[in-house]
Each structure stands twice: as C-alpha cells, then as structure tokens.
>>> print(open('target-v8.cif').read())   # mmCIF, C-alpha atoms
data_input
#
loop_
_atom_site.label_atom_id
_atom_site.label_comp_id
_atom_site.auth_asym_id
_atom_site.auth_seq_id
_atom_site.Cartn_x
_atom_site.Cartn_y
_atom_site.Cartn_z
CA MET A 719 -97.90 87.90 202.28
CA THR A 720 -95.35 85.12 202.60
CA ASP A 721 -92.93 85.65 205.45
CA ALA A 722 -89.52 86.87 204.19
CA ASN A 723 -87.60 84.31 206.20
CA GLN A 724 -89.69 81.51 204.76
CA ARG A 725 -89.15 82.87 201.25
CA GLY A 726 -85.39 82.95 201.69
CA HIS A 727 -85.28 79.44 203.15
CA ALA A 728 -87.38 78.00 200.35
CA GLY A 729 -85.03 79.40 197.72
CA ARG A 730 -81.82 77.94 199.11
CA GLY A 731 -81.78 74.75 197.07
CA ARG A 732 -81.31 71.17 198.19
CA SER A 733 -78.32 71.85 200.41
CA GLY A 734 -79.94 74.83 202.14
CA ARG A 735 -77.16 77.23 201.12
CA ARG A 736 -78.27 80.81 200.58
CA VAL A 737 -76.90 82.53 197.46
CA MET A 738 -75.89 86.18 197.69
CA VAL A 739 -75.09 88.69 194.97
CA THR A 740 -72.00 90.62 196.07
CA GLY A 741 -70.93 92.42 192.88
CA TYR A 742 -71.60 92.96 189.22
CA GLY A 743 -70.18 94.57 186.12
CA ALA A 744 -71.58 95.44 182.72
CA VAL A 745 -70.59 96.66 179.26
CA THR A 746 -73.57 97.85 177.22
CA PRO A 747 -74.58 100.32 174.50
CA LEU A 748 -75.35 102.69 177.39
CA GLY A 749 -71.96 102.56 179.11
CA HIS A 750 -68.81 100.64 179.88
CA SER A 751 -69.77 99.86 183.48
CA ALA A 752 -72.80 98.88 185.50
CA ALA A 753 -72.92 102.35 187.04
CA GLU A 754 -72.82 104.13 183.66
CA THR A 755 -75.50 101.82 182.29
CA TRP A 756 -77.76 102.38 185.30
CA ALA A 757 -77.40 106.17 185.15
CA ALA A 758 -78.28 106.18 181.45
CA MET A 759 -81.34 104.01 182.11
CA LEU A 760 -82.59 106.36 184.81
CA ALA A 761 -82.14 109.24 182.37
CA GLY A 762 -84.18 107.36 179.76
CA ARG A 763 -81.36 107.53 177.24
CA SER A 764 -81.33 105.27 174.19
CA GLY A 765 -78.16 103.45 173.16
CA ILE A 766 -79.52 102.63 169.72
CA ASP A 767 -78.19 104.37 166.62
CA THR A 768 -77.16 103.77 163.03
CA VAL A 769 -74.55 101.00 162.93
CA GLU A 770 -71.08 102.37 162.14
CA ALA A 771 -68.64 99.53 162.83
CA ILE A 772 -69.66 97.49 159.78
CA ASP A 773 -70.80 98.19 156.24
CA VAL A 774 -74.61 98.22 156.35
CA ALA A 775 -75.10 99.26 152.74
CA GLY A 776 -77.76 97.10 151.16
CA LEU A 777 -79.08 95.77 154.46
CA GLY A 778 -82.76 96.20 155.21
CA VAL A 779 -81.87 96.94 158.84
CA ARG A 780 -79.11 99.49 159.51
CA ILE A 781 -79.60 100.23 163.22
CA GLY A 782 -78.36 98.52 166.37
CA GLY A 783 -77.07 98.94 169.89
CA GLN A 784 -73.29 99.05 169.64
CA VAL A 785 -70.71 99.28 172.41
CA ARG A 786 -68.93 102.44 171.30
CA GLY A 787 -65.50 103.65 172.37
CA PHE A 788 -64.63 100.47 174.25
CA ALA A 789 -60.90 100.33 175.12
CA PRO A 790 -59.92 96.72 175.91
CA GLY A 791 -56.51 97.87 177.16
CA ARG A 792 -58.19 99.11 180.34
CA TYR A 793 -59.08 95.54 181.27
CA MET A 794 -56.60 93.16 179.61
CA PRO A 795 -53.14 93.04 178.07
CA ARG A 796 -52.69 93.39 174.34
CA THR A 797 -51.87 89.69 174.02
CA VAL A 798 -55.40 88.88 175.20
CA SER A 799 -57.32 91.56 173.30
CA ARG A 800 -55.57 90.62 170.03
CA ARG A 801 -56.91 87.09 170.17
CA ALA A 802 -60.23 87.56 171.97
CA ASP A 803 -63.47 88.16 170.11
CA PRO A 804 -65.31 91.33 171.21
CA TYR A 805 -67.93 89.23 173.04
CA ALA A 806 -65.15 87.71 175.16
CA GLN A 807 -63.55 91.13 175.68
CA TYR A 808 -66.86 92.52 176.96
CA ALA A 809 -67.33 89.52 179.25
CA LEU A 810 -63.83 89.83 180.68
CA ALA A 811 -64.25 93.56 181.29
CA ALA A 812 -67.57 92.94 183.06
CA ALA A 813 -65.99 90.20 185.16
CA MET A 814 -63.13 92.46 186.22
CA GLU A 815 -65.60 95.15 187.26
CA ALA A 816 -67.76 92.61 189.10
CA CYS A 817 -64.79 91.37 191.13
CA GLU A 818 -63.75 94.91 191.96
CA HIS A 819 -67.32 95.70 193.02
CA ALA A 820 -67.41 92.60 195.22
CA GLU A 821 -63.87 93.25 196.54
CA LEU A 822 -63.11 89.71 195.44
CA VAL A 823 -59.52 88.59 194.98
CA VAL A 824 -59.25 84.99 193.82
CA ASP A 825 -56.30 83.72 195.87
CA ASN A 826 -54.94 80.20 196.18
CA ARG A 827 -57.34 79.40 198.99
CA LEU A 828 -60.48 80.46 197.12
CA ALA A 829 -59.51 79.47 193.57
CA PRO A 830 -60.51 75.76 193.61
CA ARG A 831 -64.02 76.73 194.74
CA VAL A 832 -64.60 79.59 192.27
CA ALA A 833 -66.48 78.74 189.06
CA VAL A 834 -67.27 80.65 185.85
CA ILE A 835 -70.40 80.29 183.69
CA ILE A 836 -70.90 82.59 180.70
CA GLY A 837 -73.97 82.31 178.50
CA SER A 838 -74.11 83.48 174.90
CA GLY A 839 -76.66 83.17 172.15
CA TYR A 840 -74.24 83.67 169.25
CA GLY A 841 -70.74 83.43 170.72
CA PRO A 842 -67.65 84.73 168.88
CA VAL A 843 -69.40 85.20 165.53
CA GLY A 844 -67.18 88.10 164.48
CA SER A 845 -64.09 85.94 164.80
CA ILE A 846 -65.77 83.09 162.95
CA TYR A 847 -66.71 85.34 160.03
CA ARG A 848 -63.23 86.89 159.89
CA ALA A 849 -61.58 83.46 159.90
CA ALA A 850 -63.79 82.32 157.03
CA HIS A 851 -62.93 85.43 155.02
CA THR A 852 -59.20 84.98 155.74
CA LEU A 853 -59.30 81.38 154.57
CA ARG A 854 -61.14 82.36 151.41
CA ASP A 855 -58.96 85.39 150.59
CA ARG A 856 -55.50 84.43 151.85
CA GLY A 857 -55.47 80.65 152.23
CA PRO A 858 -54.95 78.22 155.11
CA ARG A 859 -51.46 79.42 156.07
CA ALA A 860 -52.93 82.78 157.07
CA ILE A 861 -55.20 81.23 159.70
CA SER A 862 -54.02 81.99 163.24
CA PRO A 863 -53.20 79.01 165.47
CA PHE A 864 -55.46 80.65 168.07
CA THR A 865 -58.46 80.40 165.76
CA GLN A 866 -59.72 77.11 167.18
CA VAL A 867 -59.76 78.73 170.63
CA THR A 868 -61.05 82.20 169.82
CA THR A 869 -63.92 80.94 167.65
CA ALA A 870 -65.18 78.61 170.37
CA MET A 871 -68.28 79.32 172.49
CA ASP A 872 -66.29 78.77 175.70
CA SER A 873 -63.67 81.42 174.92
CA ALA A 874 -65.23 84.06 177.18
CA ALA A 875 -65.39 81.71 180.17
CA GLY A 876 -61.83 80.57 179.46
CA GLU A 877 -60.45 84.09 179.24
CA ILE A 878 -62.11 85.04 182.55
CA SER A 879 -60.86 81.92 184.29
CA MET A 880 -57.28 82.39 183.11
CA ARG A 881 -57.23 86.11 183.83
CA LEU A 882 -58.59 85.77 187.37
CA GLY A 883 -57.05 82.40 188.25
CA THR A 884 -60.27 80.53 189.03
CA GLN A 885 -59.84 76.76 189.30
CA GLY A 886 -63.41 75.57 189.73
CA PRO A 887 -65.54 74.57 186.74
CA SER A 888 -65.64 77.01 183.82
CA ARG A 889 -68.46 76.55 181.36
CA ALA A 890 -70.23 78.01 178.36
CA LEU A 891 -73.99 77.88 178.02
CA SER A 892 -76.22 78.72 175.08
CA THR A 893 -80.00 79.05 175.24
CA ALA A 894 -80.52 81.94 172.81
CA CYS A 895 -81.93 85.05 174.49
CA ALA A 896 -82.25 83.23 177.84
CA SER A 897 -78.51 82.42 177.99
CA GLY A 898 -77.49 85.07 180.52
CA ALA A 899 -80.36 84.27 182.88
CA ASP A 900 -79.75 80.54 182.58
CA ALA A 901 -76.05 81.03 183.34
CA VAL A 902 -76.93 82.93 186.52
CA GLY A 903 -79.49 80.29 187.44
CA GLY A 904 -76.92 77.59 186.82
CA GLY A 905 -74.46 79.40 189.06
CA MET A 906 -77.10 79.59 191.78
CA ARG A 907 -77.61 75.83 191.52
CA MET A 908 -73.86 75.15 191.69
CA ILE A 909 -73.63 77.03 194.97
CA SER A 910 -76.84 75.57 196.38
CA SER A 911 -75.64 72.03 195.64
CA GLY A 912 -72.19 72.64 197.10
CA GLU A 913 -70.34 72.30 193.79
CA ALA A 914 -68.85 75.79 194.18
CA ASP A 915 -68.63 78.53 196.79
CA ILE A 916 -68.38 81.48 194.40
CA VAL A 917 -69.55 81.72 190.78
CA LEU A 918 -68.90 84.43 188.23
CA ALA A 919 -72.01 84.09 186.09
CA GLY A 920 -73.45 86.14 183.27
CA GLY A 921 -73.81 86.54 179.56
CA ALA A 922 -72.17 88.19 176.56
CA ASP A 923 -72.80 88.71 172.87
CA ALA A 924 -71.36 90.83 170.05
CA CYS A 925 -73.62 89.98 167.14
CA VAL A 926 -74.22 93.34 165.49
CA THR A 927 -72.83 91.91 162.25
CA ALA A 928 -73.98 92.05 158.65
CA VAL A 929 -74.86 88.36 158.68
CA ASP A 930 -76.93 88.57 161.85
CA LEU A 931 -78.68 91.79 160.86
CA ALA A 932 -79.50 90.28 157.48
CA GLY A 933 -80.71 86.96 158.90
CA SER A 934 -82.84 88.37 161.69
CA GLY A 935 -84.07 91.09 159.37
CA ASN A 936 -85.13 88.55 156.77
CA ALA A 937 -86.97 86.69 159.53
CA ARG A 938 -88.91 89.94 160.10
CA ALA A 939 -87.83 89.96 163.74
CA LEU A 940 -86.06 93.35 163.67
CA SER A 941 -87.42 96.88 163.70
CA ARG A 942 -86.93 98.71 160.42
CA ARG A 943 -87.14 102.24 161.80
CA ASN A 944 -83.78 103.06 160.22
CA ASP A 945 -84.52 106.78 160.02
CA ASP A 946 -85.34 107.16 163.71
CA PRO A 947 -83.13 104.72 165.68
CA THR A 948 -83.80 106.00 169.20
CA THR A 949 -87.54 105.33 168.86
CA ALA A 950 -87.13 101.97 167.10
CA CYS A 951 -87.40 99.69 170.12
CA ARG A 952 -90.97 100.03 171.43
CA PRO A 953 -91.75 97.28 173.96
CA PHE A 954 -95.44 96.94 174.83
CA ASP A 955 -96.37 99.76 172.45
CA VAL A 956 -99.18 99.29 169.93
CA HIS A 957 -96.88 100.40 167.10
CA ARG A 958 -93.92 98.11 167.86
CA ASP A 959 -92.42 96.39 164.82
CA GLY A 960 -89.54 94.24 166.09
CA PHE A 961 -86.49 94.15 168.34
CA VAL A 962 -83.17 95.93 167.85
CA MET A 963 -80.00 93.82 167.69
CA SER A 964 -77.46 94.91 170.30
CA GLU A 965 -74.29 93.77 172.03
CA GLY A 966 -72.80 93.79 175.50
CA ALA A 967 -72.09 91.73 178.60
CA ALA A 968 -72.78 91.48 182.30
CA VAL A 969 -71.17 89.30 184.96
CA ILE A 970 -72.47 88.81 188.49
CA VAL A 971 -70.59 87.54 191.54
CA LEU A 972 -72.66 84.92 193.34
CA GLU A 973 -71.50 83.63 196.73
CA ALA A 974 -72.66 81.22 199.35
CA ALA A 975 -73.87 83.39 202.23
CA GLU A 976 -71.39 81.94 204.70
CA VAL A 977 -68.47 82.52 202.30
CA ALA A 978 -69.47 86.13 201.71
CA ASP A 979 -69.82 86.65 205.45
CA ARG A 980 -66.44 85.04 206.16
CA ARG A 981 -64.60 87.36 203.79
CA GLY A 982 -66.57 90.44 204.87
CA ALA A 983 -68.37 90.97 201.57
CA THR A 984 -71.50 93.14 201.49
CA PRO A 985 -74.53 91.32 200.05
CA LEU A 986 -76.42 93.43 197.52
CA ALA A 987 -79.33 91.00 197.21
CA GLU A 988 -80.19 87.37 197.70
CA LEU A 989 -80.88 85.25 194.63
CA THR A 990 -83.77 83.08 195.76
CA GLY A 991 -85.48 81.70 192.67
CA TYR A 992 -84.74 80.29 189.24
CA GLY A 993 -87.03 78.58 186.78
CA ALA A 994 -86.51 77.39 183.21
CA SER A 995 -88.58 75.66 180.56
CA SER A 996 -88.96 74.97 176.85
CA ASP A 997 -91.97 75.83 174.70
CA ALA A 998 -91.48 72.84 172.35
CA HIS A 999 -93.49 74.86 169.86
CA HIS A 1000 -91.64 76.97 167.24
CA TRP A 1001 -88.14 78.24 166.47
CA THR A 1002 -89.00 81.95 166.60
CA ALA A 1003 -92.57 82.32 167.88
CA PRO A 1004 -93.55 81.89 171.54
CA HIS A 1005 -96.24 79.41 172.43
CA PRO A 1006 -99.53 81.23 171.72
CA GLU A 1007 -100.77 80.54 175.25
CA GLY A 1008 -97.41 81.28 176.85
CA ARG A 1009 -97.26 77.87 178.48
CA GLY A 1010 -93.48 77.65 178.67
CA ALA A 1011 -93.10 81.21 179.92
CA CYS A 1012 -95.74 80.61 182.59
CA GLN A 1013 -93.97 77.45 183.66
CA ALA A 1014 -90.61 79.23 184.03
CA VAL A 1015 -92.04 82.16 186.00
CA GLU A 1016 -94.12 79.95 188.28
CA SER A 1017 -91.14 77.66 188.85
CA ALA A 1018 -88.90 80.60 189.80
CA LEU A 1019 -91.46 81.95 192.24
CA ARG A 1020 -92.02 78.52 193.74
CA ASP A 1021 -88.24 78.08 194.09
CA ALA A 1022 -88.15 81.39 195.97
CA GLY A 1023 -90.99 80.36 198.23
CA ALA A 1024 -93.03 83.26 196.87
CA THR A 1025 -96.19 83.85 194.87
CA GLY A 1026 -97.19 86.45 192.31
CA ALA A 1027 -98.72 88.46 195.14
CA ASP A 1028 -95.22 89.03 196.59
CA VAL A 1029 -93.58 90.52 193.49
CA ASP A 1030 -92.81 94.26 193.68
CA TYR A 1031 -91.19 94.84 190.26
CA ILE A 1032 -90.80 92.98 186.98
CA ASN A 1033 -88.06 93.55 184.45
CA ALA A 1034 -89.92 92.15 181.47
CA HIS A 1035 -88.32 90.40 178.53
CA GLY A 1036 -90.19 93.00 176.45
CA THR A 1037 -88.42 92.84 173.10
CA GLY A 1038 -90.75 95.01 171.04
CA THR A 1039 -91.86 92.18 168.77
CA PRO A 1040 -95.62 91.82 168.21
CA LEU A 1041 -95.85 88.23 169.45
CA ASN A 1042 -93.49 88.34 172.44
CA ASP A 1043 -94.97 91.42 174.09
CA ALA A 1044 -98.59 90.35 173.78
CA THR A 1045 -97.78 86.87 175.07
CA GLU A 1046 -95.67 88.13 177.97
CA ALA A 1047 -98.35 90.58 179.09
CA ALA A 1048 -100.88 87.73 179.12
CA VAL A 1049 -98.46 85.50 181.05
CA LEU A 1050 -97.86 88.15 183.71
CA ARG A 1051 -101.57 88.70 184.16
CA LYS A 1052 -102.14 84.97 184.49
CA VAL A 1053 -99.35 84.42 187.04
CA LEU A 1054 -99.73 87.64 189.05
CA GLY A 1055 -103.44 88.31 188.68
CA ASP A 1056 -104.44 91.83 189.76
CA ARG A 1057 -100.99 92.33 191.24
CA VAL A 1058 -99.63 93.02 187.75
CA THR A 1059 -101.74 96.18 187.56
CA ARG A 1060 -100.40 97.49 190.90
CA ILE A 1061 -96.64 97.20 190.37
CA PRO A 1062 -94.18 98.64 187.83
CA VAL A 1063 -93.28 96.47 184.82
CA SER A 1064 -90.58 97.89 182.56
CA SER A 1065 -88.49 96.77 179.61
CA THR A 1066 -85.03 98.29 179.60
CA LYS A 1067 -84.47 96.80 176.14
CA SER A 1068 -86.26 99.95 174.97
CA MET A 1069 -82.94 101.69 175.74
CA THR A 1070 -80.29 98.98 175.36
CA GLY A 1071 -81.80 97.06 172.49
CA HIS A 1072 -81.70 93.28 172.69
CA MET A 1073 -78.25 92.11 173.80
CA ILE A 1074 -79.26 88.47 173.20
CA GLY A 1075 -77.18 86.29 175.57
CA ALA A 1076 -76.19 89.29 177.69
CA ALA A 1077 -79.75 90.54 178.12
CA GLY A 1078 -80.83 88.36 181.05
CA ALA A 1079 -77.68 89.15 183.05
CA VAL A 1080 -77.85 92.91 182.41
CA GLU A 1081 -81.54 92.90 183.31
CA LEU A 1082 -80.92 91.03 186.57
CA VAL A 1083 -78.36 93.69 187.48
CA THR A 1084 -81.00 96.30 186.67
CA SER A 1085 -83.59 94.48 188.77
CA ILE A 1086 -81.25 94.39 191.76
CA GLN A 1087 -80.58 98.10 191.39
CA VAL A 1088 -84.34 98.66 191.46
CA LEU A 1089 -84.54 96.48 194.57
CA ARG A 1090 -81.83 98.51 196.29
CA THR A 1091 -82.93 102.01 195.31
CA GLY A 1092 -86.66 101.96 194.60
CA ASP A 1093 -85.97 103.77 191.31
CA VAL A 1094 -87.61 102.05 188.33
CA PRO A 1095 -86.12 102.81 184.89
CA PRO A 1096 -88.62 103.45 182.13
CA THR A 1097 -89.88 101.73 179.03
CA ILE A 1098 -89.15 104.53 176.61
CA ASN A 1099 -91.15 104.80 173.37
CA CYS A 1100 -94.19 103.21 175.03
CA ASP A 1101 -96.59 105.86 173.74
CA GLU A 1102 -99.69 103.70 173.41
CA PRO A 1103 -99.51 100.67 175.75
CA ILE A 1104 -101.00 97.43 174.47
CA VAL A 1105 -102.52 96.87 177.94
CA PRO A 1106 -103.65 100.19 179.41
CA ASP A 1107 -104.05 98.99 183.01
CA ILE A 1108 -100.45 97.75 183.37
CA ASN A 1109 -97.85 100.29 184.49
CA PHE A 1110 -95.12 99.84 181.88
CA VAL A 1111 -93.31 102.88 183.35
CA PRO A 1112 -93.61 104.84 180.11
CA HIS A 1113 -90.97 107.43 179.18
CA ARG A 1114 -89.64 108.42 182.62
CA THR A 1115 -88.13 106.81 185.70
CA GLN A 1116 -90.57 106.31 188.56
CA ARG A 1117 -89.73 106.41 192.24
CA HIS A 1118 -91.33 103.63 194.26
CA GLY A 1119 -91.14 102.68 197.90
CA ARG A 1120 -89.34 99.83 199.60
CA MET A 1121 -89.25 96.64 197.57
CA ARG A 1122 -88.69 93.08 198.73
CA ILE A 1123 -88.91 90.86 195.65
CA VAL A 1124 -88.13 91.43 191.98
CA LEU A 1125 -88.63 89.19 188.96
CA SER A 1126 -86.56 89.20 185.75
CA ASN A 1127 -87.81 87.36 182.66
CA SER A 1128 -85.87 86.06 179.65
CA PHE A 1129 -87.55 84.26 176.75
CA GLY A 1130 -85.64 83.18 173.66
CA PHE A 1131 -85.81 81.79 170.16
CA GLY A 1132 -86.13 78.03 170.18
CA GLY A 1133 -88.64 78.28 173.03
CA HIS A 1134 -86.03 78.79 175.78
CA ASN A 1135 -87.52 80.43 178.88
CA ALA A 1136 -85.83 81.51 182.11
CA ALA A 1137 -86.91 83.58 185.11
CA LEU A 1138 -84.94 84.80 188.11
CA VAL A 1139 -86.14 86.07 191.47
CA ALA A 1140 -84.05 88.26 193.76
CA GLN A 1141 -84.89 89.42 197.26
CA ALA A 1142 -83.73 92.32 199.42
CA VAL A 1143 -81.26 91.60 202.23
#
>>> encode(input="target-v8.cif", output="structure tokens")
Amino acid sequence: MTDANQRGHAGRGRSGRRVMVTGYGAVTPLGHSAAETWAAMLAGRSGIDTVEAIDVAGLGVRIGGQVRGFAPGRYMPRTVSRRADPYAQYALAAAMEACEHAELVVDNRLAPRVAVIIGSGYGPVGSIYRAAHTLRDRGPRAISPFTQVTTAMDSAAGEISMRLGTQGPSRALSTACASGADAVGGGMRMISSGEADIVLAGGADACVTAVDLAGSGNARALSRRNDDPTTACRPFDVHRDGFVMSEGAAVIVLEAAEVADRRGATPLAELTGYGASSDAHHWTAPHPEGRGACQAVESALRDAGATGADVDYINAHGTGTPLNDATEAAVLRKVLGDRVTRIPVSSTKSMTGHMIGAAGAVELVTSIQVLRTGDVPPTINCDEPIVPDINFVPHRTQRHGRMRIVLSNSFGFGGHNAALVAQAV
C-alpha cells in the first residue's frame, strides 16, 4: 500500500499546500443540518415523498425529495430571505452551519483571503419562473428591481459572501450533476495554488418544479413510482427505473493546513485528490465504455498519490438510472480491480434523491463522516443488485473498521465527470 505521507504530499498541488476540511453544513430532504442528514442516512430513512409545494396535477412524475419545514429566519434576516431564491437560502444556511462547525469567524484579517465557490446545475429556477409569470400576468412595472440579481446563477455565492464578509473571489460554477464536486475541487485548487487560504465551497439546487419534473420526466430520466415514493430511488438494483429529483445544499470549509493550525481549527479530513473530465459523447447518456468517468476517477487518485488498491469506501454517483449505474459499476471494477469487491460502495441518493448541483458536496460530507466513524450508510431499495459480488451496502448501515481513503463520484448530464478523494488525518 502507498505510504500515507507520500499520498498526502502528492495531493498538495503545485505549491505543496495541504488542504484540510474543517467544517461543513447541509440542508437536505433528510434534515436541515449535516448532523440531521447523517443520522437519517444511518437509519436508512428516505426523504422522498409526493411533492406538495407545487401543483403536480397532470405531471407524469409527482414525487421528489423536498426540503420540508425550512425556516430561513433561523439563518438570515427577512430582507435577505424575501429576495433570495430557495437554492440560495439553502446554500446560505449550509454556509452558516459550516462556519459554526469550523469555528470560523471571517474577520478583517482573514476576509481578503477567504473565497466562496458555489456550484449549481439549475440555479435560481424558481425565481426565474416566478418572474416570467409576473411579467406575463401583471406587466413590467411589477418586476422587482432585485430580479436581475436573484435570478442569476451567482446569487448564492453573492449572498454567502455578503453575509459572512468574505473579500476573496466569489464564484458560481455549473457542470450539471457534478457542480458541487467541481466547486469543492476548484476550492482545493485555489488553496493549493495560493490564490486563497480558506474557501467555502459546495453546491445547491432547488429544482423540484413543475417545469423540471416535466422536462426530466419527458426525457425518461425520472422514476415513475408515484404510488410508492420511498422505494422509487433504487441505485444498482435490477428494477431501477430512473432518478428522483431533489433539492438541497452543502457547503464545506476548506483551509490551507497552516492556516487551520494557526487559528486552532480541528481538521476533519484532508482533501487530497480531485479529477474532472468530459465524455464528449451525449447530452444525457454516459459514454458506453465509461471513458470520461474512468479518466476523472483515475485523475483524482493520481492527484492524491493513491491507487485503487488504497480506497476503503466509495460514495457512488448511483442515480438509479439504467445506464448510469451499469456504467459506474463497470468503471469501478476497471479502476479498482478486485478491490471493488472487498470494500463498501453505497449510493446515498437512494435516501436523498438526486440533489443535482448539491449532490457532490453532500456526498463528500457523507464520505468524510464515513472516514471519521467507520459507519457506512446504506443503499436502500437495493433488493437485487446488478452486480452480486459488489457490496452495495443494501438496506442497512454497516460498521467497518478504520478507513484511510474515501472516494466520492459525481457524473452529470452533458458528460461532466468529477471525483474527489479525502484522507484521514
């Protein structure tokens, strides 16, 4: 096995700076915090149900993973929540939790070196649709002067930056379902290169809308198990029939190791590898040989100074679509060889649904929790695995021993692929 010190050194980037995870926050269909989400995952609880927040009459798909009971007033003043799209509200709430978890206060000394990167596949679509309806029904004078801000993809990053007082770069990023993972990888690169000392990185989406359910449903990408929502998302199961559209956010505090040490922060894990690629094949279908996915995973492992033989857990992309799951299983076998049959591989989308741009960030948080605890949350609804010799952690949480390296995969429409590697500290 590769020596741990060599692995860490190899993953530090061109400047040799190590990147630590010191905090994280999440808002998901399973809970309004990272802790609530993790507890629900360990319990094998589904956050998928019949959609209630919108009129789903006439839609072929009427189920989704909604963030229920969210109270924005806990995290932001009314002036912010009134203008901010739900995706930006979720991102801001997750960022506030992440900073509290990391005991990070952005003061005047730190602010110029603190950056924000938030990825999103869809962005503030709810606000865009509402603005279009307002213009149609009430005319141009009824359009809010904040519309040009709140309907922009960068609104979540902007709200976080203004609320916390960060003065480093703040950016939006969109690579479909890989957006959250790419944002975290981009934050890792910013620290490694010396562009920033601390980065709040993650993803957010709130796209459980009639338009998005109709569009993805018409593309035959979504499960149609409307009468049994909790069993609808079935990653790696023979009887899977599509993913479940969901919403949420996660934000992770990344810090240069020396900065975290200087302020007395407790590292939760070291982010050592990031790889990304494009299939250049099809808008919705993965490359049939998984070339892009292989490239991203191999690049992330190489960046971490590791090989497939070193991986102790994989949080799979595992959407529950026929093509993705079969391709991903083949990719993992190709990259990890026999190792893939000797370690746990789970898809927590079976419980959260697919949070699109938030998925990769939430799943990295999950992977780090696995790294820290040895508890592996299940792939629920995996009754008949498509590959019998892979441990997809069906139905119930499994307790495993000490882990050193975890891998989190994110593969998106448009052929976007991203993989992240984290290591124990």
>>> closest_residue(input="target-v8.cif", among="A:Val745, A:Ala899, A:Ala1048, A:Ser838", to="A:Gly991", atoms="all atoms listed in the file")
A:Ala899
>>> atom_distance(input="target-v8.cif", atom1="atom CA of A:Ile835", atom2="atom CA of A:Gln885")
12.5 Å
>>> resolve_selection(input="target-v8.cif", expression="the PyMOL selection byres ((chain A and resi 947) around 10)", output="count of residues only")
21
>>> resolve_selection(input="target-v8.cif", expression="the PyMOL selection byres ((chain A and resi 961) around 7)", output="list of chain:residue names")
A:Ala939, A:Leu940, A:Ser941, A:Cys951, A:Gly960, A:Val962, A:Met963, A:Thr1037, A:Gly1038, A:Thr1039, A:Gly1071, A:His1072
>>> residues_around(input="target-v8.cif", residues="A:Arg786", least_positions_apart="5", cutoff="9 Å", atoms="all atoms listed in the file", output="list in words")
Thr746, Pro747, Leu748, Gly749, His750 and Ala771 of chain A
>>> write_last_selection(input="target-v8.cif", atoms="C-alpha atoms", output="PDB file, in the coordinates of the input")
ATOM      1  CA  THR A 746     -73.570  97.850 177.220  1.00  0.00           C
ATOM      2  CA  PRO A 747     -74.580 100.320 174.500  1.00  0.00           C
ATOM      3  CA  LEU A 748     -75.350 102.690 177.390  1.00  0.00           C
ATOM      4  CA  GLY A 749     -71.960 102.560 179.110  1.00  0.00           C
ATOM      5  CA  HIS A 750     -68.810 100.640 179.880  1.00  0.00           C
ATOM      6  CA  ALA A 771     -68.640  99.530 162.830  1.00  0.00           C
TER       7      ALA A 771
END
>>> atom_distance(input="target-v8.cif", atom1="atom CA of A:Asn936", atom2="atom CA of A:Cys895")
18.3 Å
>>> resolve_selection(input="target-v8.cif", expression="the PyMOL selection byres ((chain A and resi 876) around 9)", output="PyMOL selection string")
chain A and resi 806+834+872-875+877-881+888-890
>>> atom_distance(input="target-v8.cif", atom1="atom CA of A:Ser1128", atom2="atom CA of A:Gly1078")
5.7 Å
>>> closest_atom_pairs(input="target-v8.cif", of="stretch 735-843 of chain A", to="stretch 1100-1122 of chain A", cutoff="8 Å", atoms="all atoms listed in the file", output="CSV")
residue,atom,partner,partner_atom,distance
A:Leu760,CA,A:Thr1115,CA,5.6
A:Ala761,CA,A:Thr1115,CA,7.3
A:Gly762,CA,A:Arg1114,CA,6.3
